[in-house]
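Student: To be precise about what I am sending: the file is called model17.cif and holds mmCIF, C-alpha atoms.
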```cif
data_start
loop_
_atom_site.label_atom_id
_atom_site.label_comp_id
_atom_site.auth_asym_id
_atom_site.auth_seq_id
_atom_site.Cartn_x
_atom_site.Cartn_y
_atom_site.Cartn_z
CA MET A 176 0.23 6.74 -11.12
CA ALA A 177 -1.25 3.29 -11.54
CA GLY A 178 -4.45 1.78 -10.26
CA PRO A 179 -6.66 -1.30 -10.29
CA ARG A 180 -6.93 -1.92 -13.97
CA ASP A 181 -9.83 -4.26 -14.64
CA GLU A 182 -12.46 -2.31 -12.78
CA MET A 183 -11.18 0.98 -14.09
CA SER A 184 -11.40 -0.31 -17.63
CA ARG A 185 -14.94 -1.33 -16.93
CA ASN A 186 -15.66 2.07 -15.57
CA LEU A 187 -14.10 4.03 -18.36
CA HIS A 188 -14.99 1.94 -21.39
CA SER A 189 -18.25 0.24 -20.66
CA GLY A 190 -20.71 2.76 -21.96
CA ASN A 191 -21.22 5.68 -24.25
CA GLY A 192 -21.29 8.10 -21.37
CA HIS A 193 -24.75 9.44 -22.10
CA ALA A 194 -27.64 8.97 -19.76
CA GLY A 195 -30.80 7.48 -21.13
CA PRO A 196 -34.23 9.07 -21.09
CA GLY A 197 -35.77 9.44 -17.71
CA THR A 198 -32.45 9.29 -15.90
CA SER A 199 -32.48 11.01 -12.56
CA GLY A 200 -29.42 12.25 -10.73
CA PRO A 201 -26.73 14.69 -11.74
CA GLN A 202 -26.96 16.51 -15.04
CA GLY A 203 -24.43 15.90 -17.77
CA CYS A 204 -22.21 12.94 -18.46
CA GLU A 205 -22.92 9.67 -16.68
CA ILE A 206 -21.00 6.44 -16.94
CA LYS A 207 -22.83 3.29 -17.94
CA LEU A 208 -21.95 -0.12 -16.53
CA LEU A 209 -22.23 -3.51 -18.20
CA PRO A 210 -24.24 -6.22 -16.45
CA ASP A 211 -22.07 -8.42 -14.22
CA ARG A 212 -22.35 -11.42 -16.57
CA LEU A 213 -20.47 -9.54 -19.28
CA HIS A 214 -17.56 -8.19 -17.25
CA GLU A 215 -15.20 -11.07 -17.82
CA ASP A 216 -15.87 -11.27 -21.57
CA ALA A 217 -15.53 -7.51 -21.87
CA ALA A 218 -12.21 -7.56 -20.01
CA ALA A 219 -10.90 -10.34 -22.26
CA PHE A 220 -12.00 -8.47 -25.37
CA ALA A 221 -10.50 -5.21 -24.16
CA THR A 222 -7.21 -7.01 -23.57
CA ARG A 223 -7.23 -8.38 -27.11
CA VAL A 224 -7.86 -4.92 -28.49
CA ASN A 225 -5.05 -3.44 -26.43
CA PRO A 226 -2.84 -5.53 -24.12
CA VAL A 227 -2.50 -2.65 -21.70
CA ASN A 228 -6.15 -3.23 -20.82
CA ALA A 229 -5.19 -6.49 -19.08
CA PRO A 230 -6.10 -6.87 -15.40
CA LEU A 231 -3.69 -5.60 -12.79
CA ARG A 232 -1.45 -8.00 -10.94
CA ILE A 233 -0.43 -6.41 -7.71
CA PRO A 234 2.87 -7.57 -6.24
CA MET A 235 2.47 -8.71 -2.67
CA ALA A 236 4.92 -10.19 -0.21
CA ALA A 237 7.10 -12.94 -1.60
CA GLY A 238 5.01 -15.97 -2.50
CA LEU A 239 1.71 -14.14 -2.23
CA SER A 240 1.29 -12.79 -5.74
CA ILE A 241 -2.24 -12.96 -7.09
CA GLU A 242 -3.01 -14.33 -10.52
CA PRO A 243 -4.77 -11.94 -12.88
CA GLN A 244 -7.92 -13.98 -13.15
CA ALA A 245 -8.24 -14.31 -9.39
CA LEU A 246 -7.80 -10.58 -9.09
CA THR A 247 -10.43 -9.95 -11.74
CA MET A 248 -13.02 -12.20 -10.24
CA VAL A 249 -12.36 -12.21 -6.52
CA THR A 250 -10.07 -9.58 -5.17
CA SER A 251 -10.50 -6.41 -7.15
CA LYS A 252 -9.41 -3.48 -5.05
CA TYR A 253 -11.45 -0.84 -6.81
CA TRP A 254 -14.26 0.85 -4.91
CA GLY A 255 -16.35 1.45 -8.00
CA PRO A 256 -17.39 4.60 -9.77
CA ALA A 257 -20.28 5.57 -7.48
CA GLN A 258 -19.90 8.34 -4.96
CA ARG A 259 -18.52 6.79 -1.78
CA ARG A 260 -18.20 7.98 1.79
CA LEU A 261 -15.70 6.00 3.82
CA THR A 262 -16.02 6.29 7.57
CA VAL A 263 -12.87 6.74 9.65
CA SER A 264 -12.08 5.80 13.24
CA PHE A 265 -8.95 5.72 15.36
CA THR A 266 -7.78 2.76 17.42
CA GLU A 267 -6.16 5.02 20.01
CA SER A 268 -7.69 8.23 21.28
CA PRO A 269 -5.80 11.06 19.61
CA SER A 270 -6.86 14.63 20.20
CA GLU A 271 -9.73 16.09 18.24
CA ASP A 272 -7.47 18.47 16.35
CA LEU A 273 -5.16 15.64 15.31
CA ARG A 274 -8.08 13.50 14.15
CA ALA A 275 -9.45 16.41 12.13
CA ARG A 276 -6.04 17.15 10.63
CA ILE A 277 -5.49 13.56 9.50
CA ILE A 278 -8.97 13.32 7.99
CA SER A 279 -8.50 16.60 6.16
CA HIS A 280 -5.46 15.08 4.45
CA LEU A 281 -7.33 11.90 3.58
CA ASN A 282 -9.88 14.14 1.95
CA ALA A 283 -7.28 15.84 -0.21
CA TRP A 284 -8.18 13.20 -2.82
CA ALA A 285 -11.79 14.39 -2.79
CA LYS A 286 -10.71 17.46 -4.75
CA SER A 287 -10.93 15.42 -7.95
CA THR A 288 -12.68 12.20 -6.93
CA SER A 289 -16.03 10.98 -5.69
CA VAL A 290 -14.50 9.37 -2.58
CA SER A 291 -14.57 11.18 0.75
CA PHE A 292 -13.76 10.36 4.36
CA PHE A 293 -15.84 11.11 7.47
CA GLU A 294 -15.11 10.40 11.11
CA THR A 295 -17.35 8.02 13.02
CA ASP A 296 -17.40 7.09 16.69
CA LYS A 297 -17.94 3.45 15.71
CA ALA A 298 -15.46 1.16 13.97
CA GLY A 299 -14.89 2.91 10.66
CA ASP A 300 -14.24 1.53 7.21
CA VAL A 301 -10.79 3.07 7.62
CA ARG A 302 -9.31 2.34 11.06
CA ILE A 303 -6.17 4.29 11.82
CA SER A 304 -3.57 3.41 14.41
CA LEU A 305 -0.78 5.74 15.45
CA GLY A 306 1.08 2.89 17.13
CA GLN A 307 4.22 1.04 16.13
CA GLY A 308 4.50 -0.69 12.78
CA GLY A 309 5.55 2.15 10.50
CA TYR A 310 3.41 3.58 7.75
CA TYR A 311 1.12 1.31 5.79
CA SER A 312 -2.37 0.76 4.45
CA TYR A 313 -4.24 -2.19 3.09
CA LEU A 314 -5.14 -1.82 -0.55
CA GLY A 315 -8.52 -0.56 -1.73
CA THR A 316 -11.48 -2.78 -0.93
CA ASP A 317 -9.21 -5.14 1.01
CA ILE A 318 -9.86 -2.89 3.99
CA LYS A 319 -13.36 -4.35 4.19
CA LEU A 320 -11.79 -7.76 4.81
CA VAL A 321 -9.60 -6.64 7.71
CA PRO A 322 -11.07 -7.85 11.02
CA PRO A 323 -12.83 -4.93 12.73
CA ASN A 324 -10.51 -5.00 15.74
CA ARG A 325 -7.45 -4.36 13.53
CA GLN A 326 -6.33 -1.15 11.91
CA THR A 327 -6.42 -0.77 8.14
CA MET A 328 -3.91 2.08 8.15
CA ASN A 329 -0.89 2.75 10.35
CA LEU A 330 0.63 6.18 10.92
CA GLU A 331 3.22 5.47 13.57
CA GLY A 332 3.93 8.37 15.84
CA PHE A 333 1.91 11.04 14.06
CA HIS A 334 1.28 14.04 16.29
CA MET A 335 0.30 17.68 15.97
CA GLY A 336 3.91 18.84 16.22
CA MET A 337 4.90 17.16 12.98
CA PRO A 338 5.39 19.44 9.98
CA GLU A 339 2.57 19.84 7.53
CA SER A 340 4.82 18.43 4.81
CA GLU A 341 4.84 15.04 6.54
CA PHE A 342 1.06 14.98 6.74
CA ARG A 343 0.93 15.73 3.02
CA ARG A 344 3.57 13.15 2.08
CA VAL A 345 2.56 10.26 4.32
CA VAL A 346 -1.17 10.56 5.06
CA ARG A 347 -2.04 11.32 1.45
CA HIS A 348 0.18 8.45 0.24
CA GLU A 349 -1.53 5.97 2.56
CA ALA A 350 -4.93 7.33 1.56
CA GLY A 351 -3.94 6.58 -2.04
CA HIS A 352 -3.46 2.93 -1.09
CA THR A 353 -6.91 2.96 0.52
CA LEU A 354 -8.26 4.13 -2.83
CA GLY A 355 -6.49 1.18 -4.48
CA PHE A 356 -3.39 2.83 -5.91
CA ALA A 357 -0.17 0.82 -5.91
CA HIS A 358 3.40 2.03 -5.51
CA GLU A 359 4.64 4.18 -8.35
CA HIS A 360 8.29 3.26 -7.80
CA MET A 361 7.38 -0.26 -8.93
CA ARG A 362 6.89 1.03 -12.48
CA LYS A 363 9.29 -0.57 -14.94
CA GLU A 364 10.66 2.75 -16.14
CA LEU A 365 11.77 3.65 -12.63
CA VAL A 366 12.95 0.19 -11.57
CA SER A 367 15.10 0.02 -14.72
CA ARG A 368 17.06 3.01 -13.42
CA ILE A 369 18.18 1.04 -10.37
CA ASP A 370 21.50 -0.83 -10.34
CA ARG A 371 20.64 -4.16 -8.70
CA GLU A 372 24.02 -4.74 -7.09
CA LYS A 373 24.10 -1.21 -5.70
CA ALA A 374 20.59 -1.70 -4.32
CA TYR A 375 21.47 -5.00 -2.66
CA ALA A 376 24.54 -3.45 -1.04
CA TYR A 377 22.71 -0.28 0.02
CA PHE A 378 19.74 -1.94 1.67
CA LEU A 379 21.89 -4.62 3.30
CA ARG A 380 24.00 -1.86 4.81
CA THR A 381 21.16 0.46 5.84
CA GLN A 382 18.39 -2.04 6.68
CA GLY A 383 19.90 -5.51 6.87
CA TRP A 384 17.58 -6.60 4.05
CA ASP A 385 18.53 -9.74 2.14
CA PRO A 386 18.32 -9.82 -1.67
CA ASP A 387 14.84 -11.37 -1.62
CA THR A 388 13.51 -8.49 0.47
CA VAL A 389 15.17 -5.95 -1.82
CA ASN A 390 13.71 -7.70 -4.83
CA GLN A 391 10.24 -7.59 -3.34
CA GLN A 392 10.42 -4.04 -2.00
CA VAL A 393 12.34 -2.28 -4.75
CA LEU A 394 13.25 -4.34 -7.79
CA THR A 395 10.08 -6.11 -8.90
CA PRO A 396 8.30 -3.90 -11.42
CA LEU A 397 4.66 -3.98 -12.31
CA ASP A 398 4.23 -5.44 -15.76
CA ASP A 399 3.36 -2.87 -18.42
CA ALA A 400 0.33 -4.95 -19.32
CA ASP A 401 -0.90 -4.59 -15.74
CA ILE A 402 -0.82 -0.85 -15.67
CA MET A 403 -3.46 1.66 -16.40
CA GLY A 404 -2.54 5.17 -15.56
CA THR A 405 -0.25 8.01 -16.26
CA PRO A 406 3.27 7.54 -17.62
CA ALA A 407 5.68 6.57 -14.85
CA ASP A 408 5.91 9.58 -12.61
CA GLN A 409 8.66 9.92 -10.04
CA ASP A 410 6.88 12.91 -8.55
CA SER A 411 3.63 11.02 -7.89
CA ILE A 412 2.55 10.91 -4.27
CA MET A 413 2.60 7.13 -4.65
CA CYS A 414 6.34 7.10 -5.49
CA TYR A 415 8.91 6.54 -2.77
CA GLN A 416 12.15 8.47 -2.72
CA LEU A 417 15.16 6.37 -3.68
CA PRO A 418 18.74 7.65 -3.40
CA GLY A 419 21.08 8.32 -6.30
CA GLU A 420 23.46 5.91 -4.61
CA ILE A 421 21.48 2.98 -6.04
CA THR A 422 20.66 4.26 -9.52
CA SER A 423 22.74 3.59 -12.61
CA ASP A 424 22.90 7.27 -13.52
CA GLY A 425 23.56 8.45 -9.99
CA LEU A 426 20.44 10.59 -9.96
CA PRO A 427 17.87 9.97 -7.24
CA ILE A 428 14.30 8.95 -7.86
CA ARG A 429 12.84 12.02 -6.27
CA GLY A 430 9.62 10.60 -4.85
CA GLY A 431 6.40 12.52 -4.41
CA VAL A 432 5.84 14.90 -1.54
CA ASP A 433 2.17 15.66 -2.30
CA ILE A 434 -0.61 14.69 -4.67
CA ASN A 435 0.43 16.25 -7.95
CA LYS A 436 -1.59 17.37 -10.93
CA SER A 437 -1.14 14.07 -12.72
CA ASP A 438 -2.29 12.15 -9.61
CA PHE A 439 -5.40 14.31 -9.30
CA THR A 440 -6.24 13.91 -12.97
CA PHE A 441 -5.83 10.15 -13.00
CA ALA A 442 -7.71 9.67 -9.71
CA GLY A 443 -10.52 11.79 -11.09
CA LYS A 444 -10.82 9.52 -14.12
CA VAL A 445 -10.88 6.40 -11.97
CA TYR A 446 -13.30 7.81 -9.43
CA PRO A 447 -15.26 10.37 -11.43
CA LYS A 448 -17.47 12.78 -9.63
CA ALA A 449 -20.20 11.98 -12.18
CA GLN A 450 -22.04 8.96 -10.86
CA ALA A 451 -22.04 5.75 -12.85
CA VAL A 452 -25.33 3.94 -13.24
CA LEU A 453 -26.54 0.53 -14.28
CA GLU A 454 -30.01 0.75 -15.66
CA HIS A 455 -32.21 -0.61 -18.37
CA GLU A 456 -30.46 -3.99 -18.16
CA TRP A 457 -31.29 -6.04 -21.24
CA PRO A 458 -31.97 -9.78 -21.25
CA PRO A 459 -29.02 -12.14 -21.93
CA SER A 460 -30.60 -13.13 -25.27
CA GLU A 461 -29.81 -9.62 -26.51
CA ASP A 462 -26.10 -9.73 -25.60
CA VAL A 463 -23.87 -9.05 -28.60
CA LEU A 464 -21.30 -11.78 -29.22
CA LEU A 465 -17.78 -10.43 -29.27
CA PRO A 466 -15.57 -11.26 -32.27
CA THR A 467 -12.96 -13.93 -31.53
CA MET B 39 8.75 -23.20 27.43
CA SER B 40 10.12 -20.78 24.87
CA ARG B 41 8.76 -17.28 24.92
CA LEU B 42 7.77 -14.74 22.28
CA ILE B 43 9.08 -11.49 23.70
CA GLU B 44 7.95 -8.18 22.28
CA ALA B 45 10.18 -5.15 22.69
CA GLN B 46 9.73 -1.52 21.70
CA PRO B 47 12.94 -0.43 19.99
CA ALA B 48 12.62 3.08 21.38
CA ALA B 49 12.40 1.70 24.90
CA LEU B 50 15.57 -0.37 24.68
CA ASN B 51 18.50 1.05 26.59
CA PRO B 52 21.83 0.32 24.90
CA ALA B 53 23.44 0.20 28.33
CA LEU B 54 21.07 -2.50 29.57
CA PRO B 55 21.36 -5.90 27.91
CA VAL B 56 18.27 -7.89 27.04
CA THR B 57 18.47 -11.30 28.70
CA LEU B 58 16.86 -14.23 26.88
CA GLN B 59 16.70 -17.97 27.37
CA VAL B 60 17.66 -20.42 24.67
CA GLY B 61 14.67 -20.82 22.36
CA ASP B 62 13.16 -17.41 23.05
CA VAL B 63 12.15 -15.27 20.10
CA LEU B 64 12.55 -11.50 20.36
CA ARG B 65 10.10 -9.50 18.30
CA LEU B 66 10.80 -5.86 17.46
CA ALA B 67 8.72 -3.35 15.52
CA ALA B 68 11.41 -2.33 13.06
CA SER B 69 12.04 -2.10 9.34
CA GLY B 70 15.38 -3.88 9.46
CA GLY B 71 17.98 -5.54 11.61
CA ARG B 72 21.11 -7.65 11.71
CA VAL B 73 23.38 -9.54 14.08
CA ARG B 74 26.42 -7.35 14.38
CA GLU B 75 28.50 -9.49 16.70
CA GLY B 76 28.27 -12.91 18.29
CA SER B 77 26.38 -16.07 17.46
CA SER B 78 24.15 -16.60 20.48
CA VAL B 79 21.20 -15.16 18.54
CA GLU B 80 20.19 -15.47 14.90
CA LEU B 81 18.09 -13.21 12.72
CA LEU B 82 14.97 -15.23 11.93
CA GLY B 83 13.82 -12.70 9.41
CA ILE B 84 12.51 -9.27 8.49
CA PHE B 85 8.79 -9.36 7.86
CA THR B 86 5.82 -7.35 6.71
CA GLU B 87 3.01 -7.97 9.12
CA GLY B 88 -0.13 -9.33 7.47
CA LEU B 89 -3.33 -10.92 8.66
CA VAL B 90 -6.03 -13.35 7.68
CA GLY B 91 -9.00 -11.49 6.28
CA THR B 92 -12.59 -12.14 7.15
CA ASP B 93 -12.90 -14.12 3.91
CA GLY B 94 -10.00 -16.39 4.87
CA THR B 95 -7.47 -14.89 2.50
CA VAL B 96 -4.09 -13.59 3.64
CA LEU B 97 -3.95 -9.80 3.33
CA THR B 98 -0.73 -7.84 3.15
CA PRO B 99 -0.63 -4.06 3.55
CA LEU B 100 1.45 -1.88 1.28
CA GLY B 101 4.35 -0.54 3.25
CA ALA B 102 7.89 -1.31 4.30
CA PRO B 103 8.78 -4.33 6.44
CA ASN B 104 7.80 -3.64 10.03
CA THR B 105 8.70 -6.65 12.14
CA VAL B 106 12.09 -8.16 12.95
CA LEU B 107 12.53 -11.47 14.79
CA PHE B 108 15.66 -12.71 16.51
CA ARG B 109 15.93 -16.19 18.06
CA ALA B 110 18.12 -17.13 21.01
CA ARG B 111 20.23 -20.09 19.81
CA VAL B 112 22.87 -20.86 22.39
CA PRO B 113 24.14 -19.29 25.61
CA GLY B 114 26.40 -16.33 25.07
CA GLN B 115 26.38 -12.64 24.22
CA SER B 116 25.57 -10.94 20.92
CA THR B 117 25.08 -7.44 19.66
CA VAL B 118 22.21 -6.77 17.27
CA ASP B 119 21.33 -3.69 15.23
CA VAL B 120 17.71 -2.63 15.06
CA VAL B 121 16.69 -0.24 12.27
CA THR B 122 13.61 1.93 12.69
CA GLY B 123 12.10 4.88 10.85
CA ASP B 124 11.13 5.32 7.22
CA PRO B 125 13.46 3.24 5.01
CA TRP B 126 12.88 5.63 2.14
CA ARG B 127 13.67 8.85 3.97
CA SER B 128 15.41 8.62 7.31
CA THR B 129 16.29 5.67 9.47
CA ARG B 130 17.87 5.15 12.85
CA SER B 131 19.96 2.17 13.84
CA ASN B 132 20.39 1.23 17.48
CA SER B 133 22.68 -1.46 18.80
CA VAL B 134 21.37 -3.70 21.55
CA THR B 135 23.27 -6.26 23.59
CA VAL B 136 21.51 -9.59 23.98
CA VAL B 137 22.63 -12.09 26.60
CA VAL B 138 21.38 -15.65 26.20
CA THR B 139 21.39 -17.85 29.29
#
```
Is it possible to give me this structure as structure tokens?

Tutor:
Amino acid sequence: MAGPRDEMSRNLHSGNGHAGPGTSGPQGCEIKLLPDRLHEDAAAFATRVNPVNAPLRIPMAAGLSIEPQALTMVTSKYWGPAQRRLTVSFTESPSEDLRARIISHLNAWAKSTSVSFFETDKAGDVRISLGQGGYYSYLGTDIKLVPPNRQTMNLEGFHMGMPESEFRRVVRHEAGHTLGFAHEHMRKELVSRIDREKAYAYFLRTQGWDPDTVNQQVLTPLDDADIMGTPADQDSIMCYQLPGEITSDGLPIRGGVDINKSDFTFAGKVYPKAQAVLEHEWPPSEDVLLPT
Amino acid sequence: MSRLIEAQPAALNPALPVTLQVGDVLRLAASGGRVREGSSVELLGIFTEGLVGTDGTVLTPLGAPNTVLFRARVPGQSTVDVVTGDPWRSTRSNSVTVVVT
């Protein structure tokens, strides 16, 4: 599974992990943050040390790709390492049991992370519609930029009669996007298994998609340098199922049906339950110059 | 004046043609579509719906395409396919007759 790289690098590599004297809060390991003025330099240095530390470029619709620097400085999708409670509301008025069931699946991620979801009777951070439009979610902190009268997540047609497996597969997948996780099937290792001509023919036949749409939806991999996460995992909840009919070896990309162990582990590293702190900020005159 | 006409794919009756005027655009909540027969309508495109965020940037959700637009070009009759459902798991394709006057 892959996530928003620059902020995660900051989270995971910015301190020695030991709280200073007088620290309040949870006992044990805490994660230290650099002052804001050093984030860009630290990201550049981390990238020089290891190119896989480079900021994430998230593929968007055709023509809407975001440059790495813009992502680093303006549109990071990461919620940050602190404990976070996201409020949830519904744009329609589903039954109480359906609302509770959906929220319980959003909270499946809370098993290993510091992010949790709570219903509110006001407009929530996460606004769910069950209306037409398919299944989707805006990515990470982008949901805070969605106008409050619009949904941030769509779960078309969800109802209490649907099997539990669909709640696990779909609701947990969309919740992963809300946490900032991209699509796993866009990993190079999985895209390289797809025969382009077979994919064009398949999606033209089944969906009417032109080659540009297939390229954008299926055939454009995330760059290795943009990825921080587990090795490509076709069983990740963030991986779509793709048929053997379009792969070179004839074997399907299985796709995840639930959050798996690898997903939980990675999400827990990105959003650790131990709270990160910024304290004892030193003056800029004491910043250490990075080697060039 | 041309019209933007929204239709629910599930509510379309294959036995009842949709009647449009030249210049109308038919919008369907669907993941795919095509013109199967005729040339009175054209497929304008298959889109992922996005929006302008409160900071002025264009935001695009992660998910499959969810909007299909057809445009009425010239008088005549066409048959279009509308694909709904989850493109990665199970989809349904319904044929709809469109009459352009």

Student: Could you work out how far CA of Gly309 in chain A lies from CA of Ala45 in chain B, giving the answer in Å with one decimal?

Tutor: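 Atom-to-atom, CA of Ala45 in chain B and CA of Gly309 in chain A are spaced 14.9 Å apart.
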
Student: Output as a VMD selection string the set of chain B residues within 7 Å of chain A, with distances taken over all atoms listed in the file.

Tutor: chain B and resid 67 69 to 72 91 to 93 98 to 101 104 121 126 to 127

Student: Within 9 Å of (-10.3, 6.8, 5.6), in the coordinates the file gives, what residues turn up when you count only C-alpha atoms, written out as a PyMOL selection string?

Tutor: chain A and resi 260-264+278+281-282+291-294+299-303+327-328+350+353

Student: Pick out the residues sitting within 8 Å of Pro113 in chain B, and hand them over as a list in words; count all atoms listed in the file, and ignore anything fewer than 2 positions along from it in its own chain.

Tutor: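 Contacts, in chain order: Gln59, Val60, Ser78, Ala110, Arg111, Gln115, Val137, Val138 and Thr139 of chain B.
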
Student: May I have the protein, DNA and RNA residues with any atom at most 12 Å from the point (11.1, -30.3, 28.3), counting all atoms listed in the file, written as a list in words?

Tutor: Met39, Ser40 and Gly61 of chain B

Student: Determine, counting all atoms listed in the file, which protein, DNA and RNA residues have an atom within 10 Å of an atom of range 335-338 of chain A; residues of the same chain fewer than 6 positions away are not included. Present the result as a PyMOL selection string.

Tutor: chain A and resi 269-270+272-274+276-277

Student: Of the candidates B:Pro103, B:Pro52, B:Pro47, B:Gly114, which shows the shortest atom-to-atom distance to Val134 in chain B, using all atoms listed in the file?

Tutor: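 Closest to Val134 in chain B, using all atoms listed in the file: B:Pro52.
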
Student: What is the CA of Ile428 in chain A-CA of Pro386 in chain A distance in Å, reported with one decimal?

Tutor: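 Separation between CA of Ile428 in chain A and CA of Pro386 in chain A: 20.2 Å.
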
Student: Do you know which residues the PyMOL selection byres ((chain B and resi 108) around 12) returns on this file, as an mmCIF file with C-alpha atoms, in the coordinates of the input?

Tutor:
```
data_model
loop_
_atom_site.group_PDB
_atom_site.id
_atom_site.type_symbol
_atom_site.label_atom_id
_atom_site.label_comp_id
_atom_site.auth_asym_id
_atom_site.auth_seq_id
_atom_site.Cartn_x
_atom_site.Cartn_y
_atom_site.Cartn_z
ATOM 1 C CA ARG B 41 8.760 -17.280 24.920
ATOM 2 C CA LEU B 42 7.770 -14.740 22.280
ATOM 3 C CA ILE B 43 9.080 -11.490 23.700
ATOM 4 C CA GLU B 44 7.950 -8.180 22.280
ATOM 5 C CA ALA B 45 10.180 -5.150 22.690
ATOM 6 C CA VAL B 56 18.270 -7.890 27.040
ATOM 7 C CA LEU B 58 16.860 -14.230 26.880
ATOM 8 C CA VAL B 60 17.660 -20.420 24.670
ATOM 9 C CA GLY B 61 14.670 -20.820 22.360
ATOM 10 C CA ASP B 62 13.160 -17.410 23.050
ATOM 11 C CA VAL B 63 12.150 -15.270 20.100
ATOM 12 C CA LEU B 64 12.550 -11.500 20.360
ATOM 13 C CA ARG B 65 10.100 -9.500 18.300
ATOM 14 C CA LEU B 66 10.800 -5.860 17.460
ATOM 15 C CA ALA B 67 8.720 -3.350 15.520
ATOM 16 C CA ALA B 68 11.410 -2.330 13.060
ATOM 17 C CA GLY B 70 15.380 -3.880 9.460
ATOM 18 C CA GLY B 71 17.980 -5.540 11.610
ATOM 19 C CA ARG B 72 21.110 -7.650 11.710
ATOM 20 C CA VAL B 73 23.380 -9.540 14.080
ATOM 21 C CA SER B 77 26.380 -16.070 17.460
ATOM 22 C CA SER B 78 24.150 -16.600 20.480
ATOM 23 C CA VAL B 79 21.200 -15.160 18.540
ATOM 24 C CA GLU B 80 20.190 -15.470 14.900
ATOM 25 C CA LEU B 81 18.090 -13.210 12.720
ATOM 26 C CA LEU B 82 14.970 -15.230 11.930
ATOM 27 C CA GLY B 83 13.820 -12.700 9.410
ATOM 28 C CA ILE B 84 12.510 -9.270 8.490
ATOM 29 C CA PHE B 85 8.790 -9.360 7.860
ATOM 30 C CA THR B 105 8.700 -6.650 12.140
ATOM 31 C CA VAL B 106 12.090 -8.160 12.950
ATOM 32 C CA LEU B 107 12.530 -11.470 14.790
ATOM 33 C CA ARG B 109 15.930 -16.190 18.060
ATOM 34 C CA ALA B 110 18.120 -17.130 21.010
ATOM 35 C CA ARG B 111 20.230 -20.090 19.810
ATOM 36 C CA SER B 116 25.570 -10.940 20.920
ATOM 37 C CA THR B 117 25.080 -7.440 19.660
ATOM 38 C CA VAL B 118 22.210 -6.770 17.270
ATOM 39 C CA ASP B 119 21.330 -3.690 15.230
ATOM 40 C CA VAL B 120 17.710 -2.630 15.060
ATOM 41 C CA VAL B 134 21.370 -3.700 21.550
ATOM 42 C CA VAL B 136 21.510 -9.590 23.980
ATOM 43 C CA VAL B 138 21.380 -15.650 26.200
#
```

Student: So what does the PyMOL selection byres ((chain A and resi 348) around 9) actually pick up in this one, as a PDB file with C-alpha atoms, in the frame of the given file?

Tutor:
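What follows is the written file selection.pdb:
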```
ATOM      1  CA  LEU A 281      -7.330  11.900   3.580  1.00  0.00           C
ATOM      2  CA  ARG A 343       0.930  15.730   3.020  1.00  0.00           C
ATOM      3  CA  ARG A 344       3.570  13.150   2.080  1.00  0.00           C
ATOM      4  CA  VAL A 345       2.560  10.260   4.320  1.00  0.00           C
ATOM      5  CA  VAL A 346      -1.170  10.560   5.060  1.00  0.00           C
ATOM      6  CA  ARG A 347      -2.040  11.320   1.450  1.00  0.00           C
ATOM      7  CA  GLU A 349      -1.530   5.970   2.560  1.00  0.00           C
ATOM      8  CA  ALA A 350      -4.930   7.330   1.560  1.00  0.00           C
ATOM      9  CA  GLY A 351      -3.940   6.580  -2.040  1.00  0.00           C
ATOM     10  CA  HIS A 352      -3.460   2.930  -1.090  1.00  0.00           C
ATOM     11  CA  THR A 353      -6.910   2.960   0.520  1.00  0.00           C
ATOM     12  CA  ILE A 412       2.550  10.910  -4.270  1.00  0.00           C
ATOM     13  CA  MET A 413       2.600   7.130  -4.650  1.00  0.00           C
ATOM     14  CA  CYS A 414       6.340   7.100  -5.490  1.00  0.00           C
ATOM     15  CA  GLY A 431       6.400  12.520  -4.410  1.00  0.00           C
ATOM     16  CA  VAL A 432       5.840  14.900  -1.540  1.00  0.00           C
ATOM     17  CA  ASP A 433       2.170  15.660  -2.300  1.00  0.00           C
ATOM     18  CA  ILE A 434      -0.610  14.690  -4.670  1.00  0.00           C
TER      19      ILE A 434
END
```

Student: Any idea what's packed within 6 Å of Lys252 in chain A, counting all atoms listed in the file, ignoring anything in its chain fewer than 5 positions away? Could you give it as a list in words?

Tutor: Gly315, Thr316 and Gly355 of chain A

Student: Could you work out how far CA of Asn390 in chain A lies from CA of Ala374 in chain A, giving the answer in Å with one decimal?

Tutor: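 CA of Ala374 in chain A sits 9.1 Å away from CA of Asn390 in chain A.
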
Student: Could you check which of B:Arg74, B:Leu89, B:Thr122, B:Thr135 is closest to Gln46 in chain B, using only C-alpha atoms?

Tutor: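 Comparing B:Arg74, B:Leu89, B:Thr122, B:Thr135 against Gln46 in chain B, the winner is B:Thr122.
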
Student: For range 356-371 of chain A, I'd like the enclosing box, axis-aligned and padded by 6 Å on every side, reported as JSON with centre and edge lengths in Å to one decimal.

Tutor:
```
{"center_x": 9.1, "center_y": 0.0, "center_z": -10.8, "size_x": 36.9, "size_y": 20.3, "size_z": 22.6}
```

Student: So what does the PyMOL selection byres ((chain A and resi 441-446) around 6) actually pick up in this one, as a CSV table (one decimal) with C-alpha atoms, in the coordinates of the input?

Tutor:
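The resulting out_3.csv:
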```
chain,number,residue,atom,x,y,z
A,183,MET,CA,-11.2,1.0,-14.1
A,256,PRO,CA,-17.4,4.6,-9.8
A,287,SER,CA,-10.9,15.4,-8.0
A,288,THR,CA,-12.7,12.2,-6.9
A,289,SER,CA,-16.0,11.0,-5.7
A,438,ASP,CA,-2.3,12.2,-9.6
A,439,PHE,CA,-5.4,14.3,-9.3
A,440,THR,CA,-6.2,13.9,-13.0
A,447,PRO,CA,-15.3,10.4,-11.4
```

Student: Pick out the closest residue to Ala285 in chain A from this set: A:Asp370, A:Phe265, A:Leu354, A:Leu330. Count only C-alpha atoms.

Tutor: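 Among A:Asp370, A:Phe265, A:Leu354, A:Leu330, it is A:Leu354 that comes nearest to Ala285 in chain A.
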